[in-house]
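See below for the structure under consideration.
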Amino acid sequence: MHKFGDMAKDLNRFPVQLSTLQKQFTLPAHEGSAFSDSYVAFLRTVISLRTLNVSDNALQDLWHLEKKLLKLLHVDSAGSRTWFLDSCGATTHPERRLLLTNHDLGVPLTGSEVQTGLNFANSLPELFAGKEMGEDALRVLREILKIRTRILADIAAELPHVRAAIKWAATHTKSS
């Protein structure tokens, strides 16, 4: 578990910047010193994507869609207060993981299938399936994949500039 100040230091960000991220992504912020490794991993991902020039709008759109998909798949019923962050930091099967929540969908992210029907809640089932109520997990996944594709293309375009900046910084900071 991480204290807020330690988390800010580890992420090389001012506390006010982390507070802003918490508000933007509606993250639980009143946990005292109980910030999990997955919480820190999520913030590190967002900071990395921003460093690679991914827009806040793209991140927000993707965040809302990923959370919506996870709700449609009943991941939110597992009982965790941070259910949408609990997979952050995991490294196995990256081809099956969402970009921000890092949730493993169990199948490669192609937009042709998703493992539906999982429900970890002890509640009664819905009267109608989500699709009949107008919410389709595959439709949401396809929207996620459109945004993800744009983000990954933006990152690929930015990488040469990042590499050049690192090279420049390495030659100019040796004497410091």
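Chain labels follow the order of the structure tokens: the first chain is A, the next B, and so on; residue numbering restarts at 1 in every chain, and ligands are counted from 1 in their shown order.
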
- request: Please identify all polymer residues within 9 Å of stretch 1-11 of chain A, counting only C-alpha atoms, omitting same-chain residues fewer than 2 positions from it, and present them as an MDAnalysis selection string.
  value: chainID A and resid 13:15 17:18 32:37 40 43:44 47

Would you save the residues from that selection as a compact mmCIF listing (two decimals), in the first residue's frame, using N, CA, C and O atoms?
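Output file result-v3.txt follows:
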```
# COMPACT_ATOMS: atom_id res chain seq x y z
N ARG A 13 5.27 13.48 -9.69
CA ARG A 13 4.21 14.46 -9.92
C ARG A 13 3.91 15.18 -8.61
O ARG A 13 4.02 14.61 -7.53
N PHE A 14 3.51 16.44 -8.72
CA PHE A 14 3.09 17.18 -7.55
C PHE A 14 1.77 16.59 -7.04
O PHE A 14 0.95 16.12 -7.85
N PRO A 15 1.55 16.63 -5.75
CA PRO A 15 0.29 16.10 -5.21
C PRO A 15 -0.95 16.71 -5.87
O PRO A 15 -1.94 16.00 -6.11
N GLN A 17 -1.29 17.56 -8.91
CA GLN A 17 -1.48 16.91 -10.20
C GLN A 17 -2.17 15.56 -10.02
O GLN A 17 -3.05 15.20 -10.81
N LEU A 18 -1.78 14.81 -8.97
CA LEU A 18 -2.43 13.53 -8.71
C LEU A 18 -3.87 13.73 -8.29
O LEU A 18 -4.76 12.97 -8.68
N GLY A 32 -6.75 7.46 2.56
CA GLY A 32 -5.63 7.67 3.47
C GLY A 32 -4.36 7.15 2.86
O GLY A 32 -3.96 7.53 1.78
N SER A 33 -3.72 6.24 3.54
CA SER A 33 -2.46 5.68 3.03
C SER A 33 -2.68 4.34 2.34
O SER A 33 -1.74 3.59 2.14
N ALA A 34 -3.88 4.05 1.96
CA ALA A 34 -4.20 2.73 1.42
C ALA A 34 -4.37 2.73 -0.10
O ALA A 34 -5.36 2.26 -0.61
N PHE A 35 -3.40 3.27 -0.81
CA PHE A 35 -3.45 3.22 -2.26
C PHE A 35 -2.73 1.96 -2.73
O PHE A 35 -1.55 1.77 -2.44
N SER A 36 -3.44 1.13 -3.44
CA SER A 36 -2.90 -0.16 -3.85
C SER A 36 -1.89 -0.02 -4.99
O SER A 36 -1.80 1.01 -5.65
N ASP A 37 -1.16 -1.10 -5.25
CA ASP A 37 -0.23 -1.15 -6.37
C ASP A 37 -0.97 -0.93 -7.69
O ASP A 37 -0.46 -0.27 -8.59
N VAL A 40 -1.66 2.76 -8.28
CA VAL A 40 -0.45 3.43 -8.76
C VAL A 40 -0.17 3.06 -10.21
O VAL A 40 0.19 3.92 -11.02
N LEU A 43 -2.39 5.12 -12.50
CA LEU A 43 -1.91 6.49 -12.63
C LEU A 43 -0.65 6.55 -13.49
O LEU A 43 -0.49 7.45 -14.31
N ARG A 44 0.24 5.57 -13.33
CA ARG A 44 1.45 5.52 -14.15
C ARG A 44 1.10 5.36 -15.64
O ARG A 44 1.71 6.00 -16.49
N ILE A 47 -0.22 8.75 -16.88
CA ILE A 47 0.90 9.69 -17.00
C ILE A 47 1.74 9.35 -18.23
O ILE A 47 2.15 10.23 -18.99
```

- request: Give me the residues within 7 Å of stretch 140-144 of chain A as a PyMOL selection string, counting only C-alpha atoms and dropping any in the same chain fewer than 2 places off.
  value: chain A and resi 62+65-66+69+111+136-138+146-148

How about saving the chosen residues, N, CA and C atoms kept, as a PDB file, in the first residue's frame?
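Final output, out-v8.pdb:
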```
ATOM      1  N   LEU A  62     -12.157   6.832 -23.550  1.00  0.00           N
ATOM      2  CA  LEU A  62     -11.786   5.431 -23.392  1.00  0.00           C
ATOM      3  C   LEU A  62     -12.110   4.940 -21.986  1.00  0.00           C
ATOM      4  N   LEU A  65     -15.876   4.316 -21.578  1.00  0.00           N
ATOM      5  CA  LEU A  65     -16.300   3.134 -22.327  1.00  0.00           C
ATOM      6  C   LEU A  65     -15.790   1.842 -21.692  1.00  0.00           C
ATOM      7  N   GLU A  66     -14.550   1.841 -21.235  1.00  0.00           N
ATOM      8  CA  GLU A  66     -14.023   0.632 -20.592  1.00  0.00           C
ATOM      9  C   GLU A  66     -14.810   0.310 -19.323  1.00  0.00           C
ATOM     10  N   LEU A  69     -18.154  -1.142 -20.353  1.00  0.00           N
ATOM     11  CA  LEU A  69     -18.017  -2.537 -20.768  1.00  0.00           C
ATOM     12  C   LEU A  69     -17.866  -3.449 -19.555  1.00  0.00           C
ATOM     13  N   GLY A 111     -12.696  -7.376 -31.338  1.00  0.00           N
ATOM     14  CA  GLY A 111     -14.016  -6.791 -31.513  1.00  0.00           C
ATOM     15  C   GLY A 111     -15.024  -7.773 -32.074  1.00  0.00           C
ATOM     16  N   ASP A 136     -25.119  -3.351 -25.622  1.00  0.00           N
ATOM     17  CA  ASP A 136     -24.490  -4.496 -26.221  1.00  0.00           C
ATOM     18  C   ASP A 136     -22.990  -4.428 -25.947  1.00  0.00           C
ATOM     19  N   ALA A 137     -22.473  -5.427 -25.236  1.00  0.00           N
ATOM     20  CA  ALA A 137     -21.060  -5.430 -24.870  1.00  0.00           C
ATOM     21  C   ALA A 137     -20.155  -5.397 -26.098  1.00  0.00           C
ATOM     22  N   LEU A 138     -20.539  -6.099 -27.151  1.00  0.00           N
ATOM     23  CA  LEU A 138     -19.711  -6.094 -28.361  1.00  0.00           C
ATOM     24  C   LEU A 138     -19.680  -4.712 -29.010  1.00  0.00           C
ATOM     25  N   LYS A 146     -11.914   1.306 -31.444  1.00  0.00           N
ATOM     26  CA  LYS A 146     -11.690   2.460 -32.329  1.00  0.00           C
ATOM     27  C   LYS A 146     -10.803   3.495 -31.641  1.00  0.00           C
ATOM     28  N   ILE A 147     -11.135   3.803 -30.405  1.00  0.00           N
ATOM     29  CA  ILE A 147     -10.346   4.796 -29.661  1.00  0.00           C
ATOM     30  C   ILE A 147      -8.951   4.254 -29.389  1.00  0.00           C
ATOM     31  N   ARG A 148      -8.870   2.986 -29.008  1.00  0.00           N
ATOM     32  CA  ARG A 148      -7.572   2.359 -28.731  1.00  0.00           C
ATOM     33  C   ARG A 148      -6.682   2.406 -29.969  1.00  0.00           C
TER      34      ARG A 148
END
```

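Proximity to A:His64 was assessed for A:Phe84, A:Arg139, A:His161, A:Gly106 counting only C-alpha atoms; the smallest distance is recorded for A:Phe84.
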
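Summary of the local environment: counting only C-alpha atoms, residues at most 7 Å from A:Ser87, other than itself and those fewer than 6 positions away along its chain, are Ser38, Thr101, Asn102 and His103 of chain A.
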